[in-house]
>>> print(open('input.cif').read())   # mmCIF, C-alpha atoms
data_structure
loop_
_atom_site.label_atom_id
_atom_site.label_comp_id
_atom_site.auth_asym_id
_atom_site.auth_seq_id
_atom_site.Cartn_x
_atom_site.Cartn_y
_atom_site.Cartn_z
CA MET A 1 9.58 7.70 17.87
CA GLU A 2 10.16 11.40 18.31
CA GLY A 3 13.69 12.49 18.96
CA VAL A 4 15.33 9.69 17.02
CA ALA A 5 18.57 10.99 15.60
CA SER A 6 18.67 10.66 11.85
CA GLU A 7 20.84 11.93 9.06
CA TYR A 8 17.80 11.91 6.84
CA PRO A 9 15.47 14.88 6.73
CA ILE A 10 12.01 14.37 8.14
CA GLU A 11 9.20 16.03 6.23
CA LEU A 12 7.11 18.07 8.59
CA PRO A 13 3.48 19.07 8.10
CA LEU A 14 3.06 22.28 6.19
CA ARG A 15 3.10 25.46 8.21
CA ARG A 16 0.02 27.67 8.07
CA SER A 17 1.48 30.04 5.50
CA GLU A 18 2.54 27.13 3.33
CA HIS A 19 -0.90 25.61 3.66
CA ASP A 20 -2.45 28.86 2.51
CA SER A 21 -0.06 28.93 -0.39
CA GLU A 22 -1.01 25.36 -1.24
CA ALA A 23 -4.70 26.31 -1.25
CA ALA A 24 -3.95 29.14 -3.67
CA LEU A 25 -2.07 26.77 -5.94
CA VAL A 26 -4.97 24.33 -5.88
CA SER A 27 -7.36 27.09 -6.95
CA ARG A 28 -5.11 28.19 -9.79
CA ALA A 29 -4.43 24.63 -10.90
CA ALA A 30 -8.14 23.79 -10.86
CA ALA A 31 -8.64 26.75 -13.18
CA GLY A 32 -6.24 25.15 -15.65
CA ASP A 33 -2.92 26.69 -14.63
CA SER A 34 -0.51 23.82 -15.27
CA GLU A 35 2.44 25.70 -13.84
CA ALA A 36 0.56 26.13 -10.58
CA TYR A 37 -0.16 22.41 -10.62
CA ALA A 38 3.51 21.68 -11.17
CA ALA A 39 4.38 23.84 -8.17
CA LEU A 40 1.69 22.06 -6.18
CA VAL A 41 2.88 18.56 -7.05
CA ARG A 42 6.66 18.88 -6.99
CA PRO A 43 7.04 18.91 -3.19
CA HIS A 44 5.27 15.54 -3.15
CA GLU A 45 7.13 13.80 -6.01
CA HIS A 46 9.42 11.78 -3.78
CA VAL A 47 6.75 10.75 -1.35
CA ALA A 48 4.39 9.76 -4.17
CA TYR A 49 7.02 7.52 -5.70
CA ARG A 50 7.92 5.91 -2.38
CA VAL A 51 4.31 5.02 -1.68
CA ALA A 52 3.86 3.67 -5.21
CA VAL A 53 6.93 1.48 -4.73
CA SER A 54 5.40 0.05 -1.58
CA ILE A 55 2.48 -1.19 -3.68
CA THR A 56 4.09 -2.15 -6.99
CA GLY A 57 7.59 -3.00 -5.90
CA TRP A 58 10.81 -1.32 -6.99
CA ASN A 59 10.33 -1.18 -10.74
CA ASP A 60 9.00 0.89 -13.62
CA ASP A 61 5.40 0.22 -12.58
CA ALA A 62 5.82 2.65 -9.69
CA GLN A 63 6.89 5.40 -12.07
CA GLU A 64 3.97 4.65 -14.37
CA ALA A 65 1.56 4.71 -11.44
CA VAL A 66 2.86 8.07 -10.24
CA GLN A 67 2.62 9.66 -13.67
CA ASN A 68 -0.91 8.32 -14.11
CA ALA A 69 -1.80 9.68 -10.70
CA TYR A 70 -0.55 13.14 -11.58
CA VAL A 71 -2.84 13.29 -14.58
CA LYS A 72 -5.78 11.86 -12.69
CA ALA A 73 -5.31 14.23 -9.79
CA TYR A 74 -5.11 17.19 -12.14
CA ARG A 75 -8.36 16.24 -13.78
CA SER A 76 -10.00 15.71 -10.41
CA LEU A 77 -8.94 18.96 -8.78
CA ARG A 78 -12.44 20.38 -8.89
CA ARG A 79 -13.45 17.67 -6.46
CA PHE A 80 -10.65 18.45 -4.05
CA ARG A 81 -12.18 19.61 -0.78
CA ARG A 82 -11.22 23.18 -0.06
CA GLY A 83 -9.06 23.43 3.04
CA ALA A 84 -8.05 19.76 3.04
CA ALA A 85 -4.41 18.70 2.96
CA PHE A 86 -3.22 18.03 -0.57
CA ARG A 87 -0.67 15.31 0.17
CA PRO A 88 -3.06 12.67 1.57
CA TRP A 89 -5.49 13.39 -1.25
CA LEU A 90 -2.77 12.95 -3.87
CA LEU A 91 -1.45 9.83 -2.17
CA ARG A 92 -4.89 8.25 -2.22
CA ILE A 93 -4.85 8.60 -6.01
CA VAL A 94 -1.29 7.30 -6.16
CA VAL A 95 -2.29 4.24 -4.14
CA ASN A 96 -5.25 3.57 -6.41
CA GLU A 97 -3.13 3.96 -9.53
CA ALA A 98 -0.43 1.71 -8.13
CA ARG A 99 -3.05 -0.92 -7.41
CA ASN A 100 -4.44 -0.54 -10.92
CA VAL A 101 -1.05 -0.96 -12.53
CA ARG A 102 -0.17 -3.91 -10.38
CA ARG A 103 -3.52 -5.64 -10.71
CA SER A 104 -4.17 -5.09 -14.37
CA GLU A 105 -0.81 -6.24 -15.57
CA LEU A 106 -0.26 -8.92 -12.96
CA ARG A 107 3.24 -7.62 -12.84
CA HIS A 108 3.74 -8.75 -9.30
CA GLU A 109 4.70 -12.13 -10.70
CA ARG A 110 7.73 -10.52 -12.25
CA LEU A 111 8.72 -8.40 -9.28
CA ALA A 112 11.11 -10.94 -7.86
CA GLU A 113 12.90 -11.19 -11.18
CA ARG A 114 13.13 -7.45 -11.48
CA ALA A 115 14.34 -7.06 -7.93
CA ALA A 116 17.02 -9.62 -8.68
CA GLU A 117 17.98 -7.69 -11.78
CA ARG A 118 18.27 -4.57 -9.69
CA ARG A 119 20.59 -6.33 -7.30
CA ASP A 120 22.63 -7.89 -10.06
CA THR A 121 23.08 -4.69 -11.98
CA PRO A 122 23.63 -1.87 -9.53
CA ALA A 123 24.53 1.48 -10.93
CA ALA A 124 28.22 1.78 -11.56
CA GLY A 125 29.91 3.77 -8.86
CA ALA A 126 31.40 3.65 -5.45
CA ASP A 127 31.07 0.64 -3.20
CA GLU A 128 28.77 2.48 -0.90
CA THR A 129 26.35 2.92 -3.79
CA VAL A 130 26.27 -0.82 -4.31
CA LEU A 131 25.81 -1.38 -0.62
CA ALA A 132 23.04 1.19 -0.50
CA ARG A 133 21.19 -0.52 -3.32
CA GLU A 134 21.61 -3.86 -1.63
CA GLU A 135 20.16 -2.43 1.55
CA VAL A 136 17.24 -0.96 -0.38
CA ALA A 137 16.64 -4.30 -2.06
CA THR A 138 16.84 -6.14 1.26
CA VAL A 139 14.34 -3.88 2.97
CA LEU A 140 11.98 -3.79 0.01
CA ASP A 141 12.15 -7.56 -0.38
CA ALA A 142 11.12 -7.87 3.25
CA LEU A 143 8.31 -5.40 2.67
CA THR A 144 6.98 -7.40 -0.27
CA ARG A 145 6.52 -10.37 2.03
CA LEU A 146 3.86 -8.41 3.87
CA SER A 147 0.33 -8.05 2.61
CA GLU A 148 -0.44 -5.01 0.51
CA ALA A 149 -2.46 -3.51 3.35
CA ASP A 150 0.45 -3.95 5.75
CA ARG A 151 2.94 -2.50 3.28
CA LEU A 152 0.71 0.53 2.98
CA VAL A 153 0.55 0.92 6.75
CA ILE A 154 4.34 1.02 6.86
CA ALA A 155 4.71 3.25 3.81
CA LEU A 156 2.25 5.86 4.99
CA ARG A 157 4.17 6.26 8.23
CA TYR A 158 7.78 5.91 7.17
CA PHE A 159 7.76 6.77 3.48
CA ALA A 160 5.04 9.40 3.34
CA GLN A 161 5.43 10.85 6.83
CA LEU A 162 1.69 11.23 7.25
CA SER A 163 0.18 11.77 10.65
CA ASP A 164 -1.56 8.77 12.18
CA ALA A 165 -4.94 10.39 11.54
CA GLU A 166 -4.13 11.07 7.87
CA ALA A 167 -2.67 7.61 7.39
CA ALA A 168 -5.65 5.98 9.06
CA GLU A 169 -8.08 7.83 6.83
CA LEU A 170 -6.14 6.86 3.74
CA ALA A 171 -5.91 3.25 4.89
CA GLY A 172 -9.64 3.23 5.54
CA THR A 173 -9.53 2.59 9.25
CA SER A 174 -9.69 4.39 12.58
CA THR A 175 -6.64 6.04 14.05
CA ALA A 176 -6.59 3.60 16.95
CA THR A 177 -6.83 0.60 14.64
CA TYR A 178 -4.12 2.02 12.42
CA ARG A 179 -1.78 2.40 15.38
CA VAL A 180 -2.35 -1.16 16.50
CA ARG A 181 -1.85 -2.44 12.99
CA LEU A 182 1.30 -0.38 12.60
CA MET A 183 2.75 -1.86 15.77
CA ARG A 184 1.98 -5.42 14.69
CA THR A 185 3.24 -4.87 11.16
CA ARG A 186 6.42 -3.32 12.46
CA ARG A 187 7.10 -6.45 14.50
CA ARG A 188 6.56 -8.67 11.49
CA LEU A 189 8.83 -6.53 9.37
CA GLU A 190 11.51 -6.54 12.03
CA ALA A 191 11.41 -10.32 12.13
CA LEU A 192 11.64 -10.53 8.36
CA LEU A 193 14.62 -8.20 8.31
CA GLU A 194 16.37 -10.11 11.04
CA ASP A 195 15.98 -13.26 8.97
CA ALA A 196 17.27 -11.45 5.91
CA ASP A 197 20.25 -10.06 7.78
CA ALA A 198 21.18 -13.41 9.31
CA MET B 1 15.81 -5.08 16.33
CA PRO B 2 15.26 -1.82 18.24
CA GLU B 3 12.36 0.21 16.97
CA HIS B 4 14.47 3.21 16.07
CA GLN B 5 16.77 1.02 13.99
CA LEU B 6 13.85 -0.13 11.86
CA GLU B 7 12.74 3.46 11.48
CA LEU B 8 16.19 4.53 10.37
CA ARG B 9 16.45 1.71 7.86
CA LEU B 10 13.04 2.54 6.40
CA ARG B 11 13.83 6.22 6.17
CA ALA B 12 17.16 5.45 4.54
CA VAL B 13 15.39 3.32 1.98
CA ALA B 14 12.82 6.04 1.41
CA HIS B 15 15.49 8.58 0.61
CA ALA B 16 17.44 6.14 -1.53
CA LEU B 17 14.30 5.66 -3.63
CA ASP B 18 14.10 9.39 -4.25
CA ALA B 19 16.81 9.12 -6.88
CA ASP B 20 14.43 7.06 -9.02
CA ALA B 21 11.35 9.21 -8.43
CA PRO B 22 10.02 10.54 -11.74
CA ALA B 23 10.01 14.30 -12.00
CA PHE B 24 6.66 15.77 -12.76
CA ASP B 25 6.41 16.78 -16.41
CA PRO B 26 3.83 19.56 -17.01
CA SER B 27 3.67 18.66 -20.70
CA VAL B 28 1.52 15.62 -19.88
CA LEU B 29 -1.21 18.03 -18.83
CA ARG B 30 -1.43 19.99 -22.05
CA ALA B 31 -4.51 18.14 -23.15
CA ALA B 32 -5.81 17.21 -19.73
CA ALA B 33 -7.51 20.33 -18.42
CA PRO B 34 -9.76 19.80 -15.40
CA ARG B 35 -13.37 19.33 -16.45
CA PRO B 36 -16.58 20.21 -14.70
CA ALA B 37 -17.69 17.50 -12.34
CA ARG B 38 -20.87 16.78 -14.33
CA ARG B 39 -19.01 15.08 -17.16
CA ARG B 40 -16.17 13.11 -15.76
CA LEU B 41 -13.23 11.94 -17.74
CA VAL B 42 -11.98 9.38 -15.35
CA ALA B 43 -14.17 6.92 -13.56
CA ILE B 44 -12.77 7.20 -10.07
CA ALA B 45 -15.61 9.42 -8.96
CA VAL B 46 -18.07 7.07 -10.57
CA LEU B 47 -16.46 4.27 -8.64
CA ALA B 48 -17.00 6.10 -5.41
CA VAL B 49 -20.67 6.53 -6.20
CA LEU B 50 -20.99 2.93 -7.28
CA ALA B 51 -19.29 1.68 -4.18
CA GLY B 52 -21.90 3.42 -2.13
CA THR B 53 -24.82 1.98 -4.02
CA VAL B 54 -23.93 -1.66 -4.28
CA ALA B 55 -24.36 -3.66 -1.14
CA ALA B 56 -22.35 -6.82 -1.74
CA PRO B 57 -18.58 -6.37 -1.41
CA ALA B 58 -18.00 -8.81 -4.24
CA ALA B 59 -20.21 -6.75 -6.48
CA VAL B 60 -18.35 -3.60 -5.54
CA SER B 61 -15.11 -5.26 -6.44
CA ALA B 62 -16.48 -6.42 -9.73
CA LEU B 63 -17.72 -2.97 -10.58
CA ALA B 64 -14.40 -1.48 -9.64
CA ASP B 65 -12.73 -3.72 -12.18
CA LEU B 66 -15.43 -3.21 -14.74
CA PHE B 67 -15.26 0.55 -14.62
CA ASP B 68 -11.54 0.82 -14.30
CA VAL B 69 -10.98 3.55 -16.85
CA VAL B 70 -7.51 5.03 -16.63
CA PRO B 71 -5.66 7.66 -18.62
CA GLU B 72 -3.25 6.43 -21.25
CA LEU B 73 -0.11 8.52 -21.26
CA GLY B 74 1.67 6.91 -24.13
CA PRO B 75 0.56 6.42 -27.72
CA VAL B 76 -2.01 3.75 -28.38
CA PRO B 77 -0.34 0.72 -29.98
CA ALA B 78 -1.30 0.22 -33.59
CA ASP B 79 -0.51 -3.46 -33.96
CA VAL B 80 -3.22 -4.94 -31.82
CA MET B 81 -6.16 -6.97 -33.02
CA GLN B 82 -9.71 -5.74 -33.15
CA PRO B 83 -11.33 -6.74 -29.85
CA PHE B 84 -14.53 -8.45 -28.95
CA GLY B 85 -14.57 -10.75 -31.93
CA GLY B 86 -13.41 -14.33 -31.79
CA ARG B 87 -14.75 -17.58 -33.20
CA GLN B 88 -18.21 -17.36 -34.68
CA VAL B 89 -20.63 -19.89 -33.21
CA ASP B 90 -24.35 -20.19 -32.80
CA LEU B 91 -25.94 -18.86 -29.65
CA THR B 92 -26.40 -22.32 -28.16
CA GLU B 93 -22.70 -23.09 -28.43
CA ALA B 94 -21.80 -19.65 -27.12
CA GLN B 95 -23.81 -20.42 -24.01
CA THR B 96 -21.71 -23.53 -23.36
CA THR B 97 -18.48 -21.51 -23.16
CA VAL B 98 -19.42 -19.37 -20.17
CA ALA B 99 -20.85 -20.05 -16.73
CA PHE B 100 -23.35 -17.19 -16.83
CA ARG B 101 -26.52 -16.80 -18.89
CA VAL B 102 -25.69 -15.07 -22.15
CA ARG B 103 -27.50 -11.77 -22.49
CA THR B 104 -29.23 -10.68 -25.67
CA ILE B 105 -31.02 -7.51 -26.73
CA ALA B 106 -34.67 -8.48 -26.80
CA SER B 107 -35.81 -5.43 -28.73
CA LEU B 108 -33.54 -6.33 -31.67
CA GLY B 109 -34.73 -9.92 -31.98
CA ALA B 110 -32.43 -12.90 -32.28
CA PRO B 111 -28.72 -12.09 -32.64
CA GLU B 112 -27.38 -12.19 -36.17
CA ALA B 113 -24.16 -13.72 -34.95
CA ALA B 114 -22.43 -14.83 -31.78
CA TYR B 115 -18.72 -14.95 -31.09
CA VAL B 116 -16.66 -16.57 -28.35
CA ARG B 117 -13.10 -15.94 -27.28
CA ASP B 118 -11.44 -19.30 -26.79
CA ASP B 119 -8.20 -17.62 -25.74
CA ILE B 120 -9.67 -15.83 -22.73
CA ALA B 121 -9.94 -18.19 -19.77
CA GLY B 122 -13.25 -17.56 -18.06
CA GLY B 123 -14.92 -16.77 -21.32
CA MET B 124 -16.12 -13.76 -23.27
CA VAL B 125 -19.14 -13.75 -25.55
CA THR B 126 -20.25 -11.16 -28.08
CA VAL B 127 -23.64 -11.10 -29.77
CA ALA B 128 -24.07 -8.94 -32.87
CA TYR B 129 -27.01 -7.15 -34.45
CA ARG B 130 -27.68 -4.61 -37.20
CA ASP B 131 -25.32 -6.19 -39.72
CA GLY B 132 -22.72 -6.59 -37.01
CA GLY B 133 -22.62 -2.89 -36.24
CA THR B 134 -24.17 -3.21 -32.79
CA ARG B 135 -22.37 -5.59 -30.46
CA LEU B 136 -22.99 -6.64 -26.89
CA THR B 137 -19.90 -8.14 -25.27
CA GLN B 138 -20.16 -9.87 -21.91
CA TRP B 139 -17.94 -11.56 -19.41
CA ALA B 140 -17.90 -12.52 -15.73
CA PRO B 141 -15.81 -9.92 -13.90
CA ALA B 142 -15.25 -12.41 -11.08
CA ASP B 143 -13.12 -14.42 -13.53
CA VAL B 144 -12.10 -11.99 -16.24
CA LYS B 145 -10.63 -8.62 -15.37
CA ALA B 146 -10.96 -5.74 -17.77
CA ARG B 147 -9.14 -2.45 -17.75
CA THR B 148 -9.68 0.34 -20.20
CA ALA B 149 -7.00 2.91 -20.86
CA VAL B 150 -8.03 5.91 -22.91
CA VAL B 151 -6.35 9.10 -23.99
CA PRO B 152 -7.70 11.70 -21.56
CA SER B 153 -7.75 14.58 -23.99
CA SER B 154 -10.22 13.05 -26.37
CA VAL B 155 -12.54 10.88 -24.34
CA THR B 156 -15.27 11.71 -21.87
CA ALA B 157 -17.17 9.43 -19.56
CA GLU B 158 -20.66 10.11 -18.32
CA GLU B 159 -22.79 8.30 -15.82
CA LEU B 160 -26.12 6.89 -17.02
CA THR B 161 -28.79 4.75 -15.43
CA VAL B 162 -29.80 1.36 -16.81
CA ARG B 163 -32.74 -0.26 -15.07
CA GLY B 164 -31.92 1.67 -11.96
CA LYS B 165 -28.27 0.69 -12.05
CA ARG B 166 -25.45 3.03 -12.80
CA ALA B 167 -23.64 2.65 -16.07
CA LEU B 168 -20.79 4.43 -17.77
CA TRP B 169 -21.06 5.97 -21.22
CA ILE B 170 -17.67 6.51 -22.86
CA GLU B 171 -17.40 8.59 -25.98
CA GLY B 172 -14.57 10.25 -27.79
CA THR B 173 -12.47 10.59 -30.88
CA ALA B 174 -9.56 8.35 -30.03
CA ARG B 175 -8.91 4.71 -29.54
CA GLY B 176 -7.86 3.31 -26.23
CA THR B 177 -6.34 0.11 -25.00
CA PHE B 178 -8.62 -2.56 -23.62
CA THR B 179 -6.74 -4.96 -21.41
CA VAL B 180 -8.38 -8.23 -20.49
CA THR B 181 -6.87 -10.60 -17.98
CA GLY B 182 -8.31 -14.06 -18.15
CA ALA B 183 -8.91 -16.40 -15.26
CA ASP B 184 -5.55 -18.03 -16.01
CA GLY B 185 -3.73 -14.71 -15.69
CA ALA B 186 -3.03 -14.37 -19.41
CA ILE B 187 -3.21 -10.77 -20.57
CA HIS B 188 -4.83 -9.69 -23.81
CA LYS B 189 -4.31 -6.11 -24.99
CA GLU B 190 -6.60 -4.91 -27.69
CA LEU B 191 -7.89 -1.76 -29.25
CA PHE B 192 -10.97 -0.10 -27.86
CA ASP B 193 -12.53 2.28 -30.34
CA VAL B 194 -14.91 4.64 -28.59
CA ALA B 195 -15.56 6.94 -31.53
CA ALA B 196 -19.15 5.66 -31.70
CA GLY B 197 -19.51 5.49 -27.95
CA ALA B 198 -19.63 2.53 -25.62
CA LEU B 199 -21.80 1.73 -22.63
CA LEU B 200 -20.45 -0.30 -19.72
CA TRP B 201 -22.56 -1.70 -16.92
CA GLU B 202 -23.05 -4.72 -14.74
CA ASP B 203 -26.06 -6.99 -14.51
CA GLY B 204 -26.28 -9.89 -12.12
CA GLY B 205 -22.56 -10.54 -11.94
CA VAL B 206 -22.03 -10.11 -15.68
CA ALA B 207 -20.11 -7.20 -17.15
CA LEU B 208 -21.68 -5.81 -20.30
CA LEU B 209 -20.17 -3.62 -22.99
CA LEU B 210 -22.46 -2.27 -25.69
CA GLN B 211 -20.89 -0.81 -28.81
CA GLY B 212 -22.37 0.49 -32.00
CA ALA B 213 -25.48 2.20 -30.69
CA ASP B 214 -26.62 5.14 -32.80
CA THR B 215 -26.59 7.57 -29.89
CA LYS B 216 -26.22 7.64 -26.14
CA GLU B 217 -30.00 7.54 -25.82
CA ASP B 218 -30.17 4.57 -28.19
CA ALA B 219 -27.56 2.82 -26.08
CA ALA B 220 -29.60 3.36 -22.94
CA LEU B 221 -32.73 1.98 -24.62
CA LEU B 222 -30.89 -1.07 -25.94
CA ALA B 223 -29.31 -1.66 -22.56
CA ALA B 224 -32.72 -1.54 -20.91
CA ALA B 225 -33.87 -4.25 -23.34
CA VAL B 226 -31.05 -6.63 -22.49
CA SER B 227 -32.37 -9.96 -21.31
CA SER B 228 -30.86 -13.19 -20.03
CA GLY B 229 -33.90 -15.23 -20.91
#
>>> encode(input="input.cif", output="structure tokens")
Amino acid sequence: MEGVASEYPIELPLRRSEHDSEAALVSRAAAGDSEAYAALVRPHEHVAYRVAVSITGWNDDAQEAVQNAYVKAYRSLRRFRRGAAFRPWLLRIVVNEARNVRRSELRHERLAERAAERRDTPAAGADETVLAREEVATVLDALTRLSEADRLVIALRYFAQLSDAEAAELAGTSTATYRVRLMRTRRRLEALLEDADA
Amino acid sequence: MPEHQLELRLRAVAHALDADAPAFDPSVLRAAAPRPARRRLVAIAVLAVLAGTVAAPAAVSALADLFDVVPELGPVPADVMQPFGGRQVDLTEAQTTVAFRVRTIASLGAPEAAYVRDDIAGGMVTVAYRDGGTRLTQWAPADVKARTAVVPSSVTAEELTVRGKRALWIEGTARGTFTVTGADGAIHKELFDVAAGALLWEDGGVALLLQGADTKEDAALLAAAVSSG
């Protein structure tokens, strides 16, 4: 996987100095400094939303889940293990909140309708914008055909850019099992996309 | 499809989604300061403890649903009906509406009234005491899912023990939203007033919600006196 040319930036693990800075922000945020918490969370906004989308689908539920997760994480900061990486910890809360939103409202029954609405009403703009949204809808539709556990396996690798060890811990499995599952899920997703593209 | 092509497509989608990602708004934290771990606002930590103490996976799942207390970011709706009521029946008829044995509070004698919710598939029964001020609501979490959303700034949750089992005491000054999903998938959103405190626990596959106890200690005593016989 390494060395694949991409026009999209790849989020790298935090460098040591950044990690130290993150630890300082956690301490300040846990003491009630909301600005420190904002600085702590903002680098993870995009990733949090992507992972939520992988659970809830591409709709407002993902935004609700992320906002709920921010509040929950803030209130739980005192239980954050000193020295641990913040992103996996935050994403665990995001995943739980996304599951809560999806389960409690049974909104998954309306996801197909919403996805269709998204495709039918793309944002006004250039053709490439429409095409981009169609591509997003195609890929996400294929993702929704996987089980939630499989969607999470994909999202943690490609949406959240977690290491295999971090992703495995978050998915509740061993690193070796996660890798095997990722390989199998990738094949299933590839087949689904090939069908969708045909 | 080559592996790198899938990776590129997924990464492209990931970055396309970023345009919709909600920006973090610090104002949502104004009333949500971190609290000491002893009194927990949100039940996630309680869930973790519960998960470790209940052996059967099904029971863990049921408890997870039962204790699903989440923060409510928006205002609590005002036009929802008072929960946990329903059609008044006698206790014998109430028993016929649910698959589990209806629980009563032995120390308070026979219930003064019983209520059933005909609109919730899977069933929900409430028995009332003390001129209706103390109510024990019960449902089967395997069939009926409950989710409680409360305003974080004004509600606290504390872990108690009822007959050796963990329970959750919720107390505060604000109302929350109690969402019940019946076995047929129908969703019922109702008010959940925790001003007087509420105790949630699980007993033999039945979720129990006690409201209207005089104090937290009173709630624990009443809960300990709950019987299915």
>>> interface_residues(input="input.cif", of="chain A", to="chain B", cutoff="6 Å", atoms="all atoms listed in the file", output="PyMOL selection string")
chain A and resi 32+46+49+75+136+159
>>> resolve_selection(input="input.cif", expression="the PyMOL selection byres ((chain A and resi 170-176) around 8)", output="PyMOL selection string")
chain A and resi 88+92+149+152-153+164-169+177-180
>>> residues_around(input="input.cif", residues="Ala225 (chain B)", least_positions_apart="4", cutoff="12 Å", atoms="only C-alpha atoms", output="list in words")
Arg103, Thr104, Ile105, Ala106, Ser107, Leu108, Gly109, Leu136, Val162, Arg163, Leu210, Asp218, Ala219, Ala220, Leu221 and Gly229 of chain B
>>> resolve_selection(input="input.cif", expression="the PyMOL selection byres ((chain B and resi 205) around 9)", output="PyMOL selection string")
chain B and resi 59+62+100+139-142+202-204+206-207
>>> resolve_selection(input="input.cif", expression="the PyMOL selection byres ((chain B and resi 117-123) around 7)", output="MDAnalysis selection string")
chainID B and resid 86:87 97:98 115:116 124:125 139 143:144 182:184
>>> build_atoms(input="input.cif", residues="region 23-28 of chain A", atoms="all heavy atoms", output="mmCIF file, in the frame of the given file")
data_model
loop_
_atom_site.group_PDB
_atom_site.id
_atom_site.type_symbol
_atom_site.label_atom_id
_atom_site.label_comp_id
_atom_site.auth_asym_id
_atom_site.auth_seq_id
_atom_site.Cartn_x
_atom_site.Cartn_y
_atom_site.Cartn_z
ATOM 1 N N ALA A 23 -3.296 26.109 -0.871
ATOM 2 C CA ALA A 23 -4.700 26.310 -1.250
ATOM 3 C C ALA A 23 -4.793 27.212 -2.471
ATOM 4 O O ALA A 23 -5.617 26.988 -3.368
ATOM 5 C CB ALA A 23 -5.470 26.903 -0.074
ATOM 6 N N ALA A 24 -3.928 28.242 -2.518
ATOM 7 C CA ALA A 24 -3.950 29.140 -3.670
ATOM 8 C C ALA A 24 -3.522 28.408 -4.933
ATOM 9 O O ALA A 24 -4.096 28.602 -6.014
ATOM 10 C CB ALA A 24 -3.028 30.332 -3.399
ATOM 11 N N LEU A 25 -2.523 27.548 -4.781
ATOM 12 C CA LEU A 25 -2.070 26.770 -5.940
ATOM 13 C C LEU A 25 -3.162 25.819 -6.426
ATOM 14 O O LEU A 25 -3.341 25.631 -7.629
ATOM 15 C CB LEU A 25 -0.801 25.981 -5.581
ATOM 16 C CG LEU A 25 0.473 26.794 -5.413
ATOM 17 C CD1 LEU A 25 1.614 25.909 -4.913
ATOM 18 C CD2 LEU A 25 0.872 27.459 -6.728
ATOM 19 N N VAL A 26 -3.877 25.225 -5.486
ATOM 20 C CA VAL A 26 -4.970 24.330 -5.880
ATOM 21 C C VAL A 26 -6.007 25.095 -6.693
ATOM 22 O O VAL A 26 -6.472 24.614 -7.736
ATOM 23 C CB VAL A 26 -5.630 23.695 -4.632
ATOM 24 C CG1 VAL A 26 -6.941 23.002 -5.006
ATOM 25 C CG2 VAL A 26 -4.681 22.705 -3.972
ATOM 26 N N SER A 27 -6.358 26.294 -6.231
ATOM 27 C CA SER A 27 -7.360 27.090 -6.950
ATOM 28 C C SER A 27 -6.885 27.422 -8.353
ATOM 29 O O SER A 27 -7.639 27.308 -9.323
ATOM 30 C CB SER A 27 -7.649 28.385 -6.176
ATOM 31 O OG SER A 27 -8.226 28.085 -4.930
ATOM 32 N N ARG A 28 -5.637 27.830 -8.468
ATOM 33 C CA ARG A 28 -5.110 28.190 -9.790
ATOM 34 C C ARG A 28 -5.027 26.962 -10.680
ATOM 35 O O ARG A 28 -5.357 27.008 -11.871
ATOM 36 C CB ARG A 28 -3.731 28.835 -9.638
ATOM 37 C CG ARG A 28 -3.784 30.269 -9.109
ATOM 38 C CD ARG A 28 -2.391 30.778 -8.760
ATOM 39 N NE ARG A 28 -1.444 30.575 -9.843
ATOM 40 C CZ ARG A 28 -0.123 30.587 -9.691
ATOM 41 N NH1 ARG A 28 0.394 30.783 -8.500
ATOM 42 N NH2 ARG A 28 0.674 30.405 -10.732
#
